[in-house]
Amino acid sequence: SSSTAHAMAQSEKPQVFGDKTINAQEERSLCTAVELGGALEEAWGATLRPVDTLFALERLGAPYRNIRGRDIGEHTEPIDCLFPLVEGNINEESRAALATMPLQAFRSAAHVTVDAKSLAVGDGGNEVGMGKVVSVPGVGDLSPGGEFAALSVNGCVRSCDVAVLGTVSNWAGSAIEAACHVTWPAETDYVPAMRSSGSALEFALLEAIMAKPTLAVDGSHNDRPMSVDGLNFDPYHREFYDNLWHS
């Protein structure tokens, strides 16, 4: 539970921060890392081995601002504390506030190896790991235009070893899944099923999460039903999934 994680985080504070007085963000990040570590212990028990690879897909990262630049950090667990800070002139205030947070200690609390490799997928630049791209000179000035914020406002300050950019993060994630299936075939060959009903499955998943009680919305146009990143499922997403699994 969150209360248990909080209590455990309190006990680990001296080991992580020493005598330093920590702020609310640092404490919240430590709680998140400890809670993740506890979840892994519960799931894997005695067979638990330290995690050596981190994967983030469309996960909002610091400074936790959405495509319009609105701060939604209150609703975002800071799991990005397990990813390295970018080295570059982007969102300096946010980066400086996080610079004192010990990456190695957070990874240890979450049962992640200190040298874990990190892979991150994003499309807008405010996702975990996208600091690797946002910090490139000139990129911070870019914006989708209109009501949407420039990356100098919402660009993520967390980096990664490998950044994968997609027109839609879901598409990039599905492409990675397909590539992994080819490279390391699964014991259960589900590709034939995806070829026959892959887009139908994606449609059903989107329909389910947009219904009650979840009521998920399109992050860029929250008044559009059955839409992701401003693109209606039909025809855009359906065509992509049909092409992906038939290739």
# chains A, B, ... in the order shown; residues from 1 in each chain; ligands from 1
call {"tool": "residues_around", "arguments": {"residues": "region 40-55 of chain A", "least_positions_apart": "5", "cutoff": "10 Å", "atoms": "only C-alpha atoms", "output": "PyMOL selection string"}}
result
chain A and resi 34-35+82-83+107-108+110-121+128-129+160-162
call {"tool": "write_last_selection", "arguments": {"atoms": "C-alpha atoms", "output": "compact mmCIF listing (two decimals), in the first residue's frame"}}
result
# COMPACT_ATOMS: atom_id res chain seq x y z
CA VAL A 34 10.28 1.86 -2.85
CA GLU A 35 6.71 0.98 -3.85
CA LEU A 82 14.74 5.96 -12.43
CA PHE A 83 15.88 7.62 -15.68
CA ARG A 107 17.27 2.49 -8.73
CA SER A 108 18.55 0.47 -5.81
CA ALA A 110 13.34 -0.19 -6.93
CA HIS A 111 15.55 -3.27 -7.49
CA VAL A 112 16.97 -1.77 -10.69
CA THR A 113 20.66 -2.19 -11.46
CA VAL A 114 22.72 0.98 -11.32
CA ASP A 115 23.84 0.50 -14.94
CA ALA A 116 20.42 -0.53 -16.30
CA LYS A 117 19.86 0.25 -19.96
CA SER A 118 16.91 2.47 -20.80
CA LEU A 119 14.64 2.57 -23.83
CA ALA A 120 11.98 5.25 -24.19
CA VAL A 121 9.20 5.89 -26.69
CA VAL A 128 10.24 10.17 -20.24
CA GLY A 129 13.51 9.85 -22.14
CA CYS A 160 17.64 7.49 -21.94
CA ASP A 161 20.09 5.25 -23.76
CA VAL A 162 17.83 4.67 -26.76
call {"tool": "residues_around", "arguments": {"residues": "region 221-226 of chain A", "least_positions_apart": "2", "cutoff": "12 Å", "atoms": "only C-alpha atoms", "output": "number ranges by chain"}}
result
A: 66-68, 147-148, 202-211, 215-219, 228-238
call {"tool": "atom_distance", "arguments": {"atom1": "CA of Gly131 (chain A)", "atom2": "CA of Leu30 (chain A)"}}
result
21.6 Å
call {"tool": "residues_around", "arguments": {"residues": "region 132-137 of chain A", "least_positions_apart": "2", "cutoff": "9 Å", "atoms": "only C-alpha atoms", "output": "number ranges by chain"}}
result
A: 86-90, 125-126, 129-130, 139-141, 151-152, 155-163
call {"tool": "select_by_dssp", "arguments": {"residues": "region 21-163 of chain A", "states": "strand (DSSP E)", "output": "number ranges by chain"}}
result
A: 51-57, 112-122, 162-163
call {"tool": "write_last_selection", "arguments": {"atoms": "C-alpha atoms", "output": "PDB file, in the first residue's frame"}}
result
ATOM      1  CA  VAL A  51      15.921  -5.269 -13.330  1.00  0.00           C
ATOM      2  CA  ASP A  52      18.570  -4.475 -15.955  1.00  0.00           C
ATOM      3  CA  THR A  53      16.407  -2.747 -18.582  1.00  0.00           C
ATOM      4  CA  LEU A  54      13.915   0.095 -18.244  1.00  0.00           C
ATOM      5  CA  PHE A  55      11.226   0.708 -20.854  1.00  0.00           C
ATOM      6  CA  ALA A  56       8.997   3.784 -20.948  1.00  0.00           C
ATOM      7  CA  LEU A  57       6.224   4.285 -23.486  1.00  0.00           C
ATOM      8  CA  VAL A 112      16.967  -1.773 -10.690  1.00  0.00           C
ATOM      9  CA  THR A 113      20.658  -2.192 -11.457  1.00  0.00           C
ATOM     10  CA  VAL A 114      22.722   0.979 -11.321  1.00  0.00           C
ATOM     11  CA  ASP A 115      23.836   0.504 -14.938  1.00  0.00           C
ATOM     12  CA  ALA A 116      20.420  -0.526 -16.300  1.00  0.00           C
ATOM     13  CA  LYS A 117      19.862   0.252 -19.964  1.00  0.00           C
ATOM     14  CA  SER A 118      16.906   2.473 -20.797  1.00  0.00           C
ATOM     15  CA  LEU A 119      14.637   2.566 -23.834  1.00  0.00           C
ATOM     16  CA  ALA A 120      11.985   5.245 -24.190  1.00  0.00           C
ATOM     17  CA  VAL A 121       9.197   5.886 -26.694  1.00  0.00           C
ATOM     18  CA  GLY A 122       7.535   9.230 -27.242  1.00  0.00           C
ATOM     19  CA  VAL A 162      17.828   4.671 -26.757  1.00  0.00           C
ATOM     20  CA  ALA A 163      15.023   7.024 -27.778  1.00  0.00           C
TER      21      ALA A 163
END
call {"tool": "select_by_dssp", "arguments": {"residues": "region 102-136 of chain A", "states": "alpha helix (DSSP H)", "output": "PyMOL selection string"}}
result
chain A and resi 103-109+131-134
call {"tool": "residues_around", "arguments": {"residues": "Thr76 (chain A)", "least_positions_apart": "2", "cutoff": "8 Å", "atoms": "only C-alpha atoms", "output": "NGL selection string"}}
result
:A and (60 or 64 or 72-74 or 78)
